[in-house]
Each structure stands twice: as structure tokens, then as C-alpha cells.
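Data file: start_24.cif. Format and content: mmCIF, C-alpha atoms.
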data_start
loop_
_atom_site.label_atom_id
_atom_site.label_comp_id
_atom_site.auth_asym_id
_atom_site.auth_seq_id
_atom_site.Cartn_x
_atom_site.Cartn_y
_atom_site.Cartn_z
CA MET A 1 76.77 38.61 14.85
CA GLN A 2 79.14 40.38 17.26
CA ASP A 3 82.07 39.61 14.98
CA ARG A 4 80.23 41.12 12.03
CA LEU A 5 79.41 44.30 13.96
CA SER A 6 83.03 44.60 15.04
CA LYS A 7 84.17 44.37 11.43
CA ILE A 8 81.67 47.05 10.39
CA ARG A 9 82.88 49.38 13.17
CA GLU A 10 86.48 48.73 12.11
CA GLN A 11 85.66 49.63 8.51
CA LEU A 12 83.77 52.79 9.51
CA SER A 13 86.64 53.96 11.68
CA PHE A 14 88.67 54.65 8.54
CA LEU A 15 86.04 57.05 7.16
CA PRO A 16 86.85 60.76 7.57
CA ALA A 17 84.97 62.53 10.36
CA ALA A 18 82.12 64.81 9.37
CA PRO A 19 83.43 68.35 8.82
CA LEU A 20 82.82 70.74 11.67
CA SER A 21 80.63 73.74 11.05
CA GLY A 22 79.48 76.86 12.80
CA LEU A 23 80.64 77.52 16.31
CA GLU A 24 82.46 74.19 16.76
CA LYS A 25 84.67 75.00 13.80
CA LEU A 26 85.61 78.32 15.40
CA ARG A 27 86.50 76.53 18.64
CA VAL A 28 89.09 74.22 17.09
CA GLN A 29 92.40 75.02 18.78
CA ARG A 30 95.43 75.93 16.68
CA ASP A 31 98.93 76.96 17.66
CA ASP A 32 98.61 80.26 15.80
CA ASP A 33 95.35 81.27 17.52
CA VAL A 34 95.41 84.71 19.14
CA VAL A 35 94.53 84.10 22.78
CA VAL A 36 93.84 86.20 25.86
CA CYS A 37 96.04 85.16 28.78
CA CYS A 38 95.10 87.85 31.28
CA ALA A 39 92.13 90.22 31.57
CA VAL A 40 92.19 92.83 34.35
CA ARG A 41 90.79 96.20 35.24
CA SER A 42 90.82 98.83 37.92
CA PRO A 43 87.81 99.50 40.11
CA LEU A 44 85.42 101.92 38.42
CA GLY A 45 84.72 105.26 40.07
CA LYS A 46 81.95 107.76 39.47
CA ALA A 47 83.39 110.81 37.75
CA ASN A 48 83.64 114.06 39.70
CA SER A 49 82.31 112.58 42.92
CA GLY A 50 83.61 109.02 43.16
CA SER A 51 86.60 107.13 44.47
CA LEU A 52 88.95 107.90 41.56
CA LYS A 53 88.12 111.55 40.92
CA ASP A 54 91.46 112.76 42.32
CA THR A 55 93.63 109.96 40.93
CA ALA A 56 95.79 110.83 37.91
CA PRO A 57 94.76 108.64 34.96
CA ASP A 58 98.34 107.84 33.97
CA MET A 59 98.95 106.52 37.50
CA LEU A 60 95.76 104.49 37.25
CA LEU A 61 96.92 103.01 33.93
CA HIS A 62 100.38 102.36 35.34
CA GLN A 63 98.97 100.34 38.21
CA VAL A 64 96.75 98.22 35.95
CA LEU A 65 99.68 97.46 33.62
CA GLU A 66 101.88 96.67 36.61
CA GLY A 67 99.17 94.41 38.02
CA LEU A 68 98.88 92.57 34.70
CA LEU A 69 102.61 91.80 34.76
CA GLU A 70 102.47 90.69 38.39
CA ARG A 71 99.49 88.39 37.83
CA THR A 72 100.95 86.69 34.78
CA GLY A 73 104.59 86.66 35.84
CA VAL A 74 105.42 87.20 32.18
CA ASP A 75 108.83 88.62 31.28
CA PRO A 76 107.98 92.20 30.19
CA THR A 77 110.72 92.09 27.54
CA LEU A 78 108.54 89.58 25.65
CA VAL A 79 105.77 92.18 25.23
CA GLU A 80 106.54 93.93 21.98
CA ASP A 81 103.73 96.46 21.70
CA VAL A 82 101.22 98.15 24.01
CA SER A 83 98.14 99.79 22.49
CA ILE A 84 96.14 101.98 24.86
CA SER A 85 92.84 103.67 24.05
CA TRP A 86 92.39 107.09 25.63
CA THR A 87 89.93 109.56 24.14
CA ARG A 88 89.73 112.67 26.29
CA GLU A 89 93.40 113.36 27.06
CA LYS A 90 95.37 115.75 24.85
CA ASP A 91 98.50 114.03 23.47
CA PRO A 92 98.07 110.90 25.63
CA ILE A 93 101.00 109.06 24.05
CA TYR A 94 103.49 110.64 26.47
CA LYS A 95 101.55 109.50 29.52
CA ILE A 96 101.01 106.05 28.02
CA ARG A 97 104.73 105.66 27.41
CA GLY A 98 105.46 106.81 30.95
CA ALA A 99 102.88 104.46 32.46
CA ALA A 100 104.31 101.50 30.54
CA LEU A 101 107.90 102.25 31.54
CA ALA A 102 106.93 102.76 35.18
CA ALA A 103 104.99 99.48 35.15
CA GLY A 104 108.14 97.57 34.21
CA PHE A 105 108.04 97.36 30.43
CA PRO A 106 111.47 98.05 28.92
CA HIS A 107 112.14 100.89 26.50
CA THR A 108 112.24 98.27 23.73
CA THR A 109 108.47 97.76 24.15
CA THR A 110 106.68 100.19 21.87
CA VAL A 111 103.40 101.97 22.71
CA GLN A 112 100.65 103.70 20.81
CA SER A 113 97.51 105.65 21.65
CA MET A 114 94.15 104.80 20.10
CA ASN A 115 91.14 107.07 19.76
CA ARG A 116 87.96 105.90 18.11
CA LEU A 117 85.77 107.28 20.87
CA CYS A 118 83.57 104.60 22.45
CA THR A 119 85.04 101.79 20.32
CA SER A 120 88.65 102.76 21.04
CA GLY A 121 89.32 99.80 23.34
CA MET A 122 88.05 97.38 20.71
CA SER A 123 90.36 98.99 18.17
CA SER A 124 93.32 98.49 20.50
CA VAL A 125 92.49 94.79 20.81
CA ALA A 126 92.07 94.40 17.05
CA TRP A 127 95.40 96.19 16.47
CA ILE A 128 97.31 93.86 18.78
CA ALA A 129 95.47 90.73 17.61
CA ASN A 130 96.09 91.50 13.94
CA ALA A 131 99.74 92.33 14.60
CA ILE A 132 100.13 88.90 16.20
CA ARG A 133 98.33 87.19 13.32
CA CYS A 134 100.54 88.94 10.77
CA GLY A 135 103.68 87.95 12.63
CA ASP A 136 104.62 91.57 13.36
CA ILE A 137 104.72 90.76 17.07
CA GLU A 138 104.31 87.63 19.17
CA MET A 139 102.89 89.18 22.33
CA GLY A 140 101.17 92.47 23.11
CA VAL A 141 98.95 94.34 25.54
CA ALA A 142 95.71 96.08 24.63
CA GLY A 143 94.29 98.46 27.20
CA GLY A 144 92.23 101.54 27.82
CA VAL A 145 91.93 104.32 30.36
CA GLU A 146 89.75 107.34 30.92
CA SER A 147 89.39 109.95 33.63
CA MET A 148 86.17 111.75 32.91
CA SER A 149 86.70 113.62 36.17
CA THR A 150 89.78 115.38 34.83
CA ASN A 151 88.95 115.45 31.12
CA PRO A 152 85.47 116.74 30.26
CA ARG A 153 84.07 116.20 26.77
CA PRO A 154 85.78 118.46 24.23
CA GLU A 155 83.54 120.48 21.94
CA PRO A 156 83.61 118.83 18.50
CA SER A 157 83.71 121.00 15.41
CA ILE A 158 84.11 120.94 11.64
CA SER A 159 84.65 123.76 9.17
CA GLU A 160 81.56 125.73 8.22
CA GLU A 161 82.03 124.87 4.55
CA LEU A 162 82.18 121.14 5.29
CA GLY A 163 78.93 121.38 7.21
CA THR A 164 77.18 122.80 4.14
CA LEU A 165 78.26 119.75 2.11
CA SER A 166 76.77 117.07 4.37
CA SER A 167 73.94 117.25 6.87
CA GLU A 168 75.16 113.96 8.38
CA ALA A 169 78.55 115.55 9.05
CA THR A 170 76.72 118.16 11.12
CA ASP A 171 74.61 115.47 12.83
CA ALA A 172 77.82 113.79 14.01
CA LEU A 173 78.64 116.85 16.12
CA ASN A 174 75.47 116.71 18.20
CA PRO A 175 75.45 115.49 21.83
CA MET A 176 74.81 111.83 22.48
CA GLY A 177 71.63 112.64 24.39
CA TRP A 178 70.16 113.95 21.14
CA THR A 179 70.95 110.67 19.38
CA SER A 180 69.39 108.71 22.23
CA GLU A 181 66.11 110.58 22.01
CA ASN A 182 66.12 110.18 18.23
CA ILE A 183 66.13 106.41 18.68
CA ALA A 184 63.09 106.64 20.94
CA LYS A 185 61.31 108.85 18.41
CA ASP A 186 62.14 106.68 15.41
CA PHE A 187 61.26 103.28 16.91
CA SER A 188 57.96 102.98 18.72
CA PHE A 189 58.98 99.98 20.85
CA VAL A 190 61.73 102.03 22.54
CA THR A 191 59.44 103.51 25.20
CA ARG A 192 60.23 105.08 28.55
CA GLU A 193 58.68 102.06 30.27
CA ALA A 194 60.79 99.57 28.26
CA VAL A 195 63.97 101.52 28.85
CA ASP A 196 63.36 101.88 32.60
CA ALA A 197 62.58 98.16 32.89
CA TYR A 198 65.82 97.33 31.08
CA ALA A 199 67.85 99.74 33.22
CA ALA A 200 66.45 98.35 36.47
CA VAL A 201 67.78 94.90 35.55
CA SER A 202 71.20 96.41 34.79
CA HIS A 203 71.37 98.04 38.23
CA GLN A 204 70.14 94.91 40.00
CA SER A 205 72.49 92.59 38.08
CA ALA A 206 75.53 94.74 38.85
CA LEU A 207 74.75 94.81 42.56
CA ALA A 208 74.21 91.05 42.60
CA ALA A 209 77.58 90.54 40.89
CA MET A 210 79.28 92.79 43.43
CA ASP A 211 77.60 91.14 46.39
CA GLU A 212 78.58 87.69 45.15
CA GLY A 213 82.20 88.72 44.49
CA ARG A 214 82.10 88.04 40.76
CA PHE A 215 84.34 91.00 39.99
CA VAL A 216 87.06 90.20 42.54
CA ASP A 217 89.29 88.18 40.22
CA GLN A 218 89.23 90.79 37.46
CA ILE A 219 89.99 93.85 39.61
CA ILE A 220 93.50 95.11 40.32
CA PRO A 221 93.40 97.00 43.64
CA VAL A 222 94.89 100.45 43.11
CA ARG A 223 96.39 103.18 45.27
CA ALA A 224 93.86 105.95 44.82
CA VAL A 225 94.27 109.59 45.82
CA LYS A 226 91.89 111.72 47.81
CA VAL A 227 92.26 115.51 47.93
CA ASP A 228 90.68 117.39 50.79
CA PRO A 229 88.56 120.13 49.14
CA MET A 230 89.32 122.60 51.94
CA THR A 231 92.99 122.03 52.75
CA LYS A 232 94.01 120.49 49.39
CA GLU A 233 95.89 117.87 51.38
CA ARG A 234 96.46 114.66 49.45
CA SER A 235 96.14 111.20 50.97
CA GLU A 236 96.31 107.70 49.52
CA PHE A 237 94.02 104.75 50.12
CA LEU A 238 93.71 101.28 48.62
CA LEU A 239 90.67 100.90 46.37
CA SER A 240 89.56 97.37 45.47
CA GLU A 241 85.84 97.77 44.67
CA ASP A 242 83.73 99.63 42.14
CA ASP A 243 81.62 102.53 43.27
CA LYS A 244 78.26 100.85 43.74
CA PRO A 245 75.01 101.79 42.02
CA ARG A 246 72.02 102.73 44.14
CA ARG A 247 70.37 99.80 45.93
CA GLY A 248 66.66 99.22 45.61
CA THR A 249 66.47 100.56 42.07
CA THR A 250 63.32 99.38 40.28
CA ALA A 251 61.54 100.26 37.08
CA ALA A 252 59.00 102.13 39.20
CA SER A 253 61.64 104.23 40.97
CA LEU A 254 63.37 104.99 37.67
CA GLY A 255 60.05 106.04 36.23
CA LYS A 256 59.94 108.95 38.69
CA LEU A 257 63.14 110.54 37.37
CA ARG A 258 63.02 113.63 35.20
CA PRO A 259 64.14 113.48 31.57
CA ALA A 260 67.82 114.27 31.15
CA PHE A 261 67.34 115.96 27.77
CA PRO A 262 63.88 117.56 27.81
CA GLN A 263 64.82 119.76 24.84
CA TRP A 264 64.93 116.61 22.68
CA GLY A 265 62.65 114.08 24.36
CA ALA A 266 61.44 112.44 27.57
CA VAL A 267 62.85 108.89 27.51
CA SER A 268 66.50 109.18 28.63
CA THR A 269 67.20 109.91 32.30
CA ALA A 270 70.17 109.84 34.65
CA GLY A 271 68.95 106.44 35.84
CA ASN A 272 68.55 104.69 32.49
CA SER A 273 71.70 106.08 30.83
CA SER A 274 75.37 105.41 31.52
CA GLN A 275 77.12 107.50 34.13
CA ILE A 276 80.40 109.25 33.40
CA THR A 277 83.14 107.21 35.01
CA ASP A 278 86.87 106.82 35.65
CA GLY A 279 88.71 103.53 35.09
CA ALA A 280 91.38 101.50 33.29
CA ALA A 281 91.62 97.94 31.93
CA ALA A 282 94.05 95.72 29.99
CA LEU A 283 94.40 92.38 28.19
CA LEU A 284 97.53 90.32 27.49
CA LEU A 285 97.40 88.64 24.07
CA THR A 286 99.74 86.18 22.37
CA THR A 287 99.62 83.01 20.30
CA ARG A 288 98.37 79.76 21.75
CA ALA A 289 101.78 78.19 21.10
CA LYS A 290 103.57 80.97 22.97
CA ALA A 291 101.13 80.79 25.87
CA LYS A 292 101.69 77.05 26.12
CA SER A 293 105.48 77.38 26.04
CA LEU A 294 105.37 79.96 28.86
CA GLY A 295 102.78 78.11 30.93
CA LEU A 296 100.31 80.99 30.65
CA PRO A 297 96.58 80.28 31.05
CA VAL A 298 94.36 80.65 28.00
CA MET A 299 91.21 82.49 29.02
CA ALA A 300 89.69 82.93 25.56
CA THR A 301 90.48 82.95 21.86
CA TYR A 302 90.02 86.12 19.83
CA VAL A 303 88.18 85.17 16.63
CA ALA A 304 87.26 88.19 14.52
CA GLN A 305 85.91 91.72 14.30
CA SER A 306 83.38 93.37 12.00
CA MET A 307 82.50 97.03 11.61
CA ALA A 308 79.45 98.80 10.19
CA GLY A 309 78.23 102.38 10.23
CA VAL A 310 74.75 103.79 10.83
CA PRO A 311 73.28 107.30 10.51
CA PRO A 312 75.01 109.63 13.02
CA ARG A 313 71.64 110.87 14.33
CA ILE A 314 70.98 107.35 15.74
CA MET A 315 74.59 106.29 16.21
CA GLY A 316 73.89 104.18 19.30
CA ILE A 317 72.25 101.40 17.30
CA GLY A 318 75.55 100.49 15.64
CA PRO A 319 75.65 96.98 17.16
CA SER A 320 72.48 96.10 15.22
CA ALA A 321 74.50 96.55 12.01
CA ALA A 322 77.90 95.22 13.12
CA VAL A 323 76.72 92.03 14.82
CA PRO A 324 74.83 90.49 11.85
CA LYS A 325 77.82 91.25 9.64
CA LEU A 326 80.16 89.47 12.06
CA LEU A 327 77.93 86.44 12.59
CA ALA A 328 77.26 85.98 8.86
CA ARG A 329 80.96 86.15 8.12
CA LEU A 330 81.67 83.47 10.71
CA GLY A 331 78.76 81.23 9.80
CA ILE A 332 77.00 81.34 13.17
CA GLU A 333 73.74 82.71 14.56
CA VAL A 334 72.68 84.78 17.56
CA LYS A 335 71.54 81.63 19.37
CA ASP A 336 75.07 80.18 19.16
CA VAL A 337 76.47 82.93 21.38
CA GLY A 338 76.08 82.23 25.09
CA LEU A 339 77.14 85.64 26.43
CA TRP A 340 76.77 89.18 25.14
CA GLU A 341 78.43 92.36 26.38
CA ILE A 342 76.75 95.33 24.70
CA ASN A 343 77.66 98.81 25.82
CA GLU A 344 74.75 100.54 27.54
CA ALA A 345 75.64 104.11 26.66
CA PHE A 346 71.91 104.74 26.81
CA GLY A 347 69.05 102.45 27.68
CA THR A 348 67.38 103.41 24.41
CA MET A 349 70.09 101.84 22.28
CA ALA A 350 70.35 98.79 24.53
CA VAL A 351 66.61 98.11 24.24
CA TYR A 352 66.70 98.65 20.49
CA CYS A 353 69.70 96.36 19.93
CA GLN A 354 68.42 93.61 22.19
CA GLN A 355 65.09 93.45 20.40
CA LYS A 356 66.44 94.02 16.90
CA LEU A 357 69.08 91.29 17.27
CA GLY A 358 66.78 88.92 19.18
CA ILE A 359 69.15 88.44 22.12
CA GLU A 360 67.80 86.76 25.24
CA ARG A 361 68.00 89.20 28.17
CA SER A 362 69.39 86.40 30.35
CA LYS A 363 72.49 86.27 28.11
CA MET A 364 73.09 90.01 27.80
CA ASN A 365 75.15 92.07 30.27
CA VAL A 366 74.50 89.48 32.95
CA ASN A 367 76.60 91.35 35.51
CA GLY A 368 75.13 94.71 34.70
CA GLY A 369 76.30 97.16 32.09
CA ALA A 370 77.33 100.77 31.68
CA ILE A 371 74.01 102.02 33.04
CA ALA A 372 75.03 100.64 36.43
CA LEU A 373 78.83 100.43 36.21
CA GLY A 374 79.60 103.44 34.06
CA HIS A 375 81.16 104.21 30.69
CA PRO A 376 84.76 105.45 30.94
CA ILE A 377 85.00 105.91 27.19
CA GLY A 378 88.56 104.83 26.39
CA CYS A 379 88.38 102.01 28.92
CA THR A 380 84.93 100.64 28.15
CA GLY A 381 85.71 98.34 25.23
CA ILE A 382 88.39 96.56 27.25
CA ARG A 383 86.23 96.57 30.38
CA LEU A 384 83.45 94.76 28.55
CA MET A 385 85.93 92.11 27.41
CA VAL A 386 87.43 91.71 30.88
CA THR A 387 84.01 91.23 32.48
CA GLY A 388 82.73 89.03 29.67
CA ILE A 389 85.80 86.77 29.51
CA HIS A 390 85.78 86.18 33.26
CA GLU A 391 82.08 85.35 33.07
CA MET A 392 82.75 82.94 30.20
CA GLN A 393 85.11 81.06 32.49
CA ARG A 394 82.72 81.13 35.42
CA ARG A 395 79.85 79.74 33.34
CA ASP A 396 82.00 77.61 31.03
CA GLU A 397 80.39 79.31 28.03
CA LYS A 398 81.64 78.67 24.52
CA ALA A 399 81.20 82.09 22.91
CA LEU A 400 81.13 85.77 23.85
CA CYS A 401 80.23 88.68 21.60
CA VAL A 402 81.33 92.17 22.62
CA THR A 403 79.91 95.15 20.76
CA ILE A 404 79.92 98.93 20.97
CA MET A 405 78.52 101.32 18.40
CA GLY A 406 79.48 99.92 14.98
CA VAL A 407 82.06 97.36 16.08
CA ALA A 408 81.54 93.74 17.15
CA GLN A 409 84.10 91.10 18.19
CA LEU A 410 83.76 87.39 18.96
CA PHE A 411 85.70 85.37 21.53
CA VAL A 412 85.44 81.61 22.07
CA ARG A 413 86.62 79.01 24.58
#

Please, can you express the file's structure as C-alpha cells?
Amino acid sequence: MQDRLSKIREQLSFLPAAPLSGLEKLRVQRDDDVVVCCAVRSPLGKANSGSLKDTAPDMLLHQVLEGLLERTGVDPTLVEDVSISWTREKDPIYKIRGAALAAGFPHTTTVQSMNRLCTSGMSSVAWIANAIRCGDIEMGVAGGVESMSTNPRPEPSISEELGTLSSEATDALNPMGWTSENIAKDFSFVTREAVDAYAAVSHQSALAAMDEGRFVDQIIPVRAVKVDPMTKERSEFLLSEDDKPRRGTTAASLGKLRPAFPQWGAVSTAGNSSQITDGAAALLLTTRAKAKSLGLPVMATYVAQSMAGVPPRIMGIGPSAAVPKLLARLGIEVKDVGLWEINEAFGTMAVYCQQKLGIERSKMNVNGGAIALGHPIGCTGIRLMVTGIHEMQRRDEKALCVTIMGVAQLFVR
């Protein structure tokens, strides 16, 4: 009997293995995979009042890029392109070029600036990843920086004639607070109570992550500047931690805050919306084969990106359109993704997207989100990836989805 079973096993061993499907297919490792070998960021500082308010953003970017090179030990001459998202600075390309050169990249390394507002960082990653896939480059850096202390929001405008041709074109000019309150008006489940409850978890999760040191490995300590408001004297200090959110924040305490945009509604407040913030972040990307040849660690594999638009008057719900498009294209479902980083520009859009997509709260923004940590616009897309990729490693998760507005990207391990 044993001999017969052995013969059957021997015969079956020649049969082809069942084809992989879904997430496992995406996790198959190939030499030409685009992989993330380093994911770092600066500490995040509250704009206008926080630890980075007096630090020049190009110096902040320079230090993060320098830190990336130091951590990886990679020869900077191998990095062929650097794409940096920066939305508020006028003509940022000059400062990006200067920051890259000062960080140690040679003049042969090209740079570009990227501005797609909140999704800019994701666009920088897609640019570098696609350039690697096409064979245009073999290694690149995608990063983002924003100083909302030094660069307030510019006033958007279009020609008067264009505005008469499309009401949606005019809607796109309105402040984000207006769009947040529109979400609450349009969808009955996005209530003040639901948004405050969501925001409280964001604050509490961020503080827990800070207290437990979960951000230590992803932060590059930076030399920050402090300017005395009276004497204008400048001094430097080493900053290695984020400005912390308020301790003891609960749904009940948030419920006592006044509406931030009473002219449009009563749901969004300073406590359940993202704060304006200063910060910088960067990723090193290359092929799996190149990473292996250089002895670089592979933190995650970049899989794909999808984009989808929504009406400008409720622009914050973009992830609810982009994510299904991405998952359907890749043949996976929401339940297959173990970690989600969704930008919390406003609690209204976070509550809407969580419920609309059916994401478990325990898998979403597990170390807090922009409500607690802030939303430095050009930096945020990269910051979400940095935090999410490090958490993937810590938890040994297989998949991470990062999404802002109408863009979603998937990473696997």
C-alpha cells in the first residue's frame, strides 16, 4: 500500500501547480519588480507655531535626501532622477535642484518638480516607478516637501469666461472646507458624531505610535531653526520627533469644539480636520535585481496606480472611486489588503470613504492620520507611504493601499 501511494505522489509531482490568483499572484517576486529600498521622512511640525516654522523648506528637503543616502549607503551617482512634489512654492525646481546637489547627488542626476496638489507625492512615486519599468532609469528617488508656515495657500482663479462655461470649473476654486461640509450634507451617515468619533481614534492612535516609538526608524533627525520673535536671532536645534497632538482627546472633547466653517455647515472642526503642517519625505526605488546586486533591503514592491475623478464640490471622496478601480484591475478585494493609509484631509471624507469602501477601522491609518499628524500637502503622499511601508514590515503584512483624493496605489511584500 505504501509503495502504491509513493508511486501516486511521484506521478502527481509532475503535474503543473495550480495557477496563482489574486494577491498571491501580485506577490510573486521578479527581477524587474519596482521595489522600495528606503522610506524616510522628517519630523512633522505644526505650521506657523511648531518646531519647523522657521526652517527653510529647501534645507529640510536637503537633510531628508542626505539622510536617505546615508541610511542606504548607495552611490549617489547611481540615482538617475529625483522627482519632488512641492505645491505651494513658486518655481520650486531651483530649490529642489539645490537641495539634491547639497545632499550629495551629482550634477548628472536630474530633478523635477511635481504639483498635483494633495496627490503630488503619489505622482512623484508613479513617475519614478514607471520610468524604472520602462527602462528609462534604473534607480530614482521620489519625495515631497511642504512648508505651510512659509507658503500660505495661493488664491486659485480661472478666467471669467471659462467660469461661465462650466459650473464645476467654478466649484473647483472653492475652499476645501466647503467641500467637506458638502459631503456631510449629501450623505446622511457623515454626522458630526461619526466624524468626531473617527477623529478621536486618529489622535489616540498617533499618540500611541509616538509613545511606543513606532516612528523612530522612519524619521531622519533634522537641524531645525528657531528665530527669536523679539531679537530675530537664529539658533539651531536637533529635531527628531513630530509635534505631538493633544493628549486626552476624546469624541466628547471634540464634540465641544466650534464649527470651523459655520458659513457652510457645522460638522468640520479644527479637531476633526487635518492641521496645516511642515515636513518632507522620500523613497528610494529601483529594480529588485539592482537592489539584490547592491545588497539593498527590499521594504516593499510597488504594484500599480489607478486614478478616478469625482465632482469638485465633494472632491475629498476621491478614494471611493480610485480604490475600486485599482482593486478590480488587479483582481483583488478590499479584504485582501491588510493595511490602508487614507489621507484624512477632513474627517468627513475619511468617514465616508471608510464606510463606502467597507474598510475595517483596525486596518486603516493604524498609527493615526492627517487629523493628528498633519497634512503638509506636497509631502503627504510620500509620508503616507513611509508610515505605511514601515508598518507593513512591523506587522509582516502582505499588502498596503495608499490613497489620496482620486489616486490609489498598491504595495505588497

* To do: Tell me which protein, DNA and RNA residues are within 6 Å of range 387-401 of chain A, counting all atoms listed in the file, leaving out same-chain ones fewer than 5 positions away, and put them as a PyMOL selection string.
  => chain A and resi 337-340+409-413

I'd like a table as a tab-separated table: residues in range 197-273 of chain A with an atom no more than 12 Å from range 155-176 of chain A, each row giving the shortest atom pair and its distance in Å to one decimal, only C-alpha atoms counted, sorted by chain and rising residue number.
residue	atom	partner	partner_atom	distance
A:Ala260	CA	A:Met176	CA	11.4
A:Phe261	CA	A:Met176	CA	10.0
A:Gln263	CA	A:Pro175	CA	11.8
A:Trp264	CA	A:Pro175	CA	10.6
A:Ser268	CA	A:Met176	CA	10.7
A:Ser273	CA	A:Met176	CA	10.6

* **Shell around range 49-63 of chain A at 9 Å using all atoms listed in the file, local window under 2 positions removed, as JSON, numbers by chain** => {"A": [42, 43, 44, 45, 46, 47, 65, 66, 67, 68, 92, 95, 96, 98, 99, 100, 101, 102, 103, 143, 144, 145, 146, 147, 148, 149, 150, 220, 221, 222, 223, 224, 225, 226, 227, 234, 239, 242, 243, 277, 278, 279, 280, 281, 282]}

* To do: Kindly provide, as an MDAnalysis selection string, the polymer residues lying within 12 Å of (87.2, 98.1, 26.1), counting all atoms listed in the file and using the coordinates exactly as they appear in the file.
  => chainID A and resid 39:41 83:87 114:126 142:146 279:283 341:343 370 375:389 402:404 407:409

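Of the listed residues (A:Lys185, A:Arg30, A:Arg247, A:Lys356), A:Arg247 comes nearest to Ser202 in chain A; the distances count all atoms listed in the file.
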
* To do: Find, counting all atoms listed in the file, the residue in A:Val303, A:Ala206, A:Ile128, A:Val190 that gets nearest to Ala266 in chain A.
  =>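 Once distances to Ala266 in chain A are computed over all atoms listed in the file, the minimum belongs to A:Val190.
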
Taking the structure I provided as the source, export range 124-169 of chain A with C-alpha atoms, as a PDB file, in the first residue's frame.
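Once everything was written out, this is decode34.pdb:
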ATOM      1  CA  SER A 124       6.228  61.553  -7.979  1.00  0.00           C
ATOM      2  CA  VAL A 125       6.294  57.874  -6.987  1.00  0.00           C
ATOM      3  CA  ALA A 126       4.377  56.834 -10.101  1.00  0.00           C
ATOM      4  CA  TRP A 127       6.744  58.893 -12.277  1.00  0.00           C
ATOM      5  CA  ILE A 128       9.851  57.219 -10.882  1.00  0.00           C
ATOM      6  CA  ALA A 129       8.285  53.743 -10.797  1.00  0.00           C
ATOM      7  CA  ASN A 130       7.116  53.967 -14.402  1.00  0.00           C
ATOM      8  CA  ALA A 131      10.479  55.333 -15.550  1.00  0.00           C
ATOM      9  CA  ILE A 132      12.133  52.281 -13.982  1.00  0.00           C
ATOM     10  CA  ARG A 133       9.610  49.919 -15.576  1.00  0.00           C
ATOM     11  CA  CYS A 134      10.145  51.479 -18.994  1.00  0.00           C
ATOM     12  CA  GLY A 135      13.901  51.201 -18.668  1.00  0.00           C
ATOM     13  CA  ASP A 136      14.393  54.976 -18.779  1.00  0.00           C
ATOM     14  CA  ILE A 137      16.230  54.796 -15.455  1.00  0.00           C
ATOM     15  CA  GLU A 138      17.340  52.028 -13.119  1.00  0.00           C
ATOM     16  CA  MET A 139      17.162  53.892  -9.822  1.00  0.00           C
ATOM     17  CA  GLY A 140      15.385  57.035  -8.654  1.00  0.00           C
ATOM     18  CA  VAL A 141      14.133  58.991  -5.663  1.00  0.00           C
ATOM     19  CA  ALA A 142      10.558  60.159  -5.169  1.00  0.00           C
ATOM     20  CA  GLY A 143       9.978  62.735  -2.469  1.00  0.00           C
ATOM     21  CA  GLY A 144       7.868  65.604  -1.276  1.00  0.00           C
ATOM     22  CA  VAL A 145       8.194  68.700   0.857  1.00  0.00           C
ATOM     23  CA  GLU A 146       5.957  71.483   2.069  1.00  0.00           C
ATOM     24  CA  SER A 147       6.338  74.444   4.387  1.00  0.00           C
ATOM     25  CA  MET A 148       2.851  75.699   5.040  1.00  0.00           C
ATOM     26  CA  SER A 149       4.386  78.118   7.526  1.00  0.00           C
ATOM     27  CA  THR A 150       6.213  79.999   4.782  1.00  0.00           C
ATOM     28  CA  ASN A 151       3.870  79.361   1.859  1.00  0.00           C
ATOM     29  CA  PRO A 152       0.187  80.061   2.540  1.00  0.00           C
ATOM     30  CA  ARG A 153      -2.458  78.793   0.131  1.00  0.00           C
ATOM     31  CA  PRO A 154      -2.447  80.796  -3.109  1.00  0.00           C
ATOM     32  CA  GLU A 155      -5.780  82.136  -4.309  1.00  0.00           C
ATOM     33  CA  PRO A 156      -6.900  79.966  -7.251  1.00  0.00           C
ATOM     34  CA  SER A 157      -8.534  81.597 -10.239  1.00  0.00           C
ATOM     35  CA  ILE A 158      -9.797  80.976 -13.758  1.00  0.00           C
ATOM     36  CA  SER A 159     -10.892  83.396 -16.452  1.00  0.00           C
ATOM     37  CA  GLU A 160     -14.388  84.798 -16.082  1.00  0.00           C
ATOM     38  CA  GLU A 161     -15.397  83.413 -19.472  1.00  0.00           C
ATOM     39  CA  LEU A 162     -14.271  79.895 -18.538  1.00  0.00           C
ATOM     40  CA  GLY A 163     -16.369  80.057 -15.390  1.00  0.00           C
ATOM     41  CA  THR A 164     -19.487  80.727 -17.459  1.00  0.00           C
ATOM     42  CA  LEU A 165     -18.856  77.547 -19.466  1.00  0.00           C
ATOM     43  CA  SER A 166     -18.721  75.110 -16.539  1.00  0.00           C
ATOM     44  CA  SER A 167     -20.173  75.353 -13.056  1.00  0.00           C
ATOM     45  CA  GLU A 168     -17.848  72.520 -11.968  1.00  0.00           C
ATOM     46  CA  ALA A 169     -14.854  74.604 -13.043  1.00  0.00           C
TER      47      ALA A 169
END
